[in-house]
>>> print(open('upload_0.cif').read())   # mmCIF, C-alpha atoms
data_final
#
loop_
_atom_site.label_atom_id
_atom_site.label_comp_id
_atom_site.auth_asym_id
_atom_site.auth_seq_id
_atom_site.Cartn_x
_atom_site.Cartn_y
_atom_site.Cartn_z
CA MET A 1 0.00 0.00 0.00
CA ASN A 2 1.27 3.42 -0.78
CA ARG A 3 1.11 6.46 1.52
CA ILE A 4 -1.96 8.00 -0.08
CA THR A 5 -4.01 4.86 0.46
CA ILE A 6 -2.92 4.66 4.08
CA ARG A 7 -3.89 8.31 4.62
CA VAL A 8 -7.28 7.76 2.99
CA TRP A 9 -8.00 4.78 5.24
CA ALA A 10 -6.76 6.66 8.29
CA GLY A 11 -9.07 9.55 7.40
CA ILE A 12 -12.05 7.22 6.96
CA ILE A 13 -11.36 5.55 10.30
CA LEU A 14 -10.96 8.93 12.02
CA ILE A 15 -14.22 10.25 10.58
CA THR A 16 -16.01 7.05 11.63
CA ILE A 17 -14.70 7.32 15.19
CA ILE A 18 -15.60 11.00 15.47
CA GLY A 19 -19.05 10.44 14.00
CA SER A 20 -19.84 7.53 16.28
CA THR A 21 -18.68 9.33 19.43
CA MET A 22 -20.61 12.49 18.54
CA GLY A 23 -23.78 10.49 18.14
CA VAL A 24 -23.32 8.87 21.53
CA GLY A 25 -22.55 12.25 23.10
CA LEU A 26 -25.72 13.77 21.70
CA ALA A 27 -27.82 10.82 22.80
CA PHE A 28 -26.60 10.98 26.41
CA SER A 29 -26.24 14.73 26.77
CA GLU A 30 -27.73 16.32 29.86
CA GLU A 31 -29.43 19.05 27.86
CA PRO A 32 -33.01 19.25 29.06
CA TYR A 33 -35.83 18.77 26.59
CA LYS A 34 -36.74 22.08 25.01
CA ASP A 35 -40.33 22.79 24.18
CA PRO A 36 -40.65 23.54 20.46
CA GLN A 37 -43.22 26.23 21.30
CA THR A 38 -40.63 28.36 23.12
CA PRO A 39 -39.91 31.45 21.03
CA PRO A 40 -36.30 32.23 20.12
CA PRO A 41 -34.54 34.81 22.30
CA ASN A 42 -34.59 38.47 21.42
CA PRO A 43 -31.63 39.36 19.11
CA MET A 44 -30.74 42.34 21.32
CA ASN A 45 -30.57 40.05 24.36
CA VAL A 46 -28.23 37.67 22.53
CA THR A 47 -26.05 40.57 21.36
CA ALA A 48 -25.80 42.08 24.84
CA ASP A 49 -25.09 38.65 26.27
CA ALA A 50 -22.32 37.89 23.76
CA LEU A 51 -20.64 41.29 23.82
CA ILE A 52 -21.04 42.35 27.46
CA LEU A 53 -22.20 39.69 29.92
CA ARG A 54 -20.11 36.70 28.82
CA PRO A 55 -16.82 38.68 28.75
CA VAL A 56 -17.63 40.12 32.18
CA GLY A 57 -18.30 36.58 33.39
CA LEU A 58 -14.94 35.45 32.01
CA ILE A 59 -13.22 38.24 33.92
CA MET A 60 -15.16 37.51 37.11
CA ILE A 61 -14.27 33.80 37.28
CA PRO A 62 -10.64 34.37 38.39
CA VAL A 63 -11.74 37.24 40.66
CA MET A 64 -14.32 35.06 42.36
CA GLY A 65 -11.75 32.24 42.51
CA LEU A 66 -9.53 34.55 44.53
CA VAL A 67 -12.45 35.44 46.80
CA TYR A 68 -13.11 31.73 47.29
CA CYS A 69 -9.46 31.08 48.14
CA ILE A 70 -9.59 33.83 50.76
CA SER A 71 -12.87 32.61 52.24
CA TYR A 72 -12.05 28.89 52.12
CA PRO A 73 -10.39 28.63 55.56
CA PHE A 74 -13.40 30.27 57.19
CA ALA A 75 -15.82 28.08 55.27
CA LYS A 76 -13.81 24.98 56.22
CA MET A 77 -14.00 25.92 59.90
CA ALA A 78 -17.75 26.43 59.59
CA GLY A 79 -18.17 23.19 57.61
CA ASN A 80 -19.88 24.70 54.60
CA GLU A 81 -17.17 24.76 51.93
CA GLN A 82 -19.50 23.24 49.28
CA GLU A 83 -22.13 25.93 49.75
CA THR A 84 -19.45 28.61 49.71
CA TYR A 85 -17.95 27.23 46.50
CA GLN A 86 -21.34 27.11 44.80
CA SER A 87 -22.41 30.58 45.85
CA VAL A 88 -19.07 32.29 45.13
CA LEU A 89 -17.53 30.44 42.18
CA GLY A 90 -20.05 27.86 40.95
CA ASP A 91 -22.79 30.37 40.21
CA THR A 92 -20.34 32.55 38.28
CA ILE A 93 -19.25 29.58 36.17
CA ASP A 94 -22.89 28.59 35.57
CA PHE A 95 -23.77 32.16 34.58
CA THR A 96 -20.88 32.32 32.11
CA PHE A 97 -20.88 28.86 30.52
CA ARG A 98 -24.13 26.99 31.22
CA ARG A 99 -26.80 29.66 30.74
CA PRO A 100 -28.48 29.74 27.30
CA MET A 101 -27.50 32.74 25.15
CA GLY A 102 -29.87 35.67 25.59
CA ARG A 103 -31.83 33.94 28.31
CA GLY A 104 -31.55 33.47 32.02
CA GLU A 105 -31.32 35.69 35.04
CA PRO A 106 -30.70 39.20 33.64
CA PHE A 107 -33.20 38.74 30.80
CA ASP A 108 -36.13 37.22 32.68
#
>>> encode(input="upload_0.cif", output="structure tokens")
Amino acid sequence: MNRITIRVWAGIILITIIGSTMGVGLAFSEEPYKDPQTPPPNPMNVTADALILRPVGLIMIPVMGLVYCISYPFAKMAGNEQETYQSVLGDTIDFTFRRPMGRGEPFD
């Protein structure tokens, strides 16, 4: 077999692997069922979210990480480090990465 044939077969195998894993990922994703009757978000909300809120969220993640590091010893002594993590850093990560574009808390 020459090199071109080996590359073609390698490409076919790679595409097959990627296609099969993507299908499994979509089948088992944790994305909740979306009602088809839900209207699409307002374009201005999506624009404001993409240009203002997501970049601010990206900046706030390390800032809130620092706040969590400072508050961790006190939370550990009180026994509520999980609640502290979720309220300080987890909610910021959820706001930035897990909230649908143009929807969620500031747009409700």
>>> axis_aligned_box(input="upload_0.cif", around="stretch 53-63 of chain A", padding_each_side="4 Å", output="JSON")
{"center_x": -16.4, "center_y": 37.0, "center_z": 34.7, "size_x": 19.6, "size_y": 14.3, "size_z": 19.9}
>>> residues_around(input="upload_0.cif", residues="A:Val56", least_positions_apart="4", cutoff="12 Å", atoms="all atoms listed in the file", output="PyMOL selection string")
chain A and resi 48-52+60-64+92-93+95-97
>>> write_last_selection(input="upload_0.cif", atoms="C-alpha atoms", output="compact mmCIF listing (two decimals), in the coordinates of the input")
# COMPACT_ATOMS: atom_id res chain seq x y z
CA ALA A 48 -25.80 42.08 24.84
CA ASP A 49 -25.09 38.65 26.27
CA ALA A 50 -22.32 37.89 23.76
CA LEU A 51 -20.64 41.29 23.82
CA ILE A 52 -21.04 42.35 27.46
CA MET A 60 -15.16 37.51 37.11
CA ILE A 61 -14.27 33.80 37.28
CA PRO A 62 -10.64 34.37 38.39
CA VAL A 63 -11.74 37.24 40.66
CA MET A 64 -14.32 35.06 42.36
CA THR A 92 -20.34 32.55 38.28
CA ILE A 93 -19.25 29.58 36.17
CA PHE A 95 -23.77 32.16 34.58
CA THR A 96 -20.88 32.32 32.11
CA PHE A 97 -20.88 28.86 30.52
>>> atom_distance(input="upload_0.cif", atom1="atom CA of A:Ser71", atom2="atom CA of A:Asp91")
15.8 Å
>>> closest_residue(input="upload_0.cif", among="A:Ile18, A:Ala75, A:Arg7, A:Met44", to="A:Ser87", atoms="all atoms listed in the file")
A:Ala75
>>> closest_residue(input="upload_0.cif", among="A:Phe107, A:Tyr68, A:Ile13, A:Met77", to="A:Leu89", atoms="only C-alpha atoms")
A:Tyr68
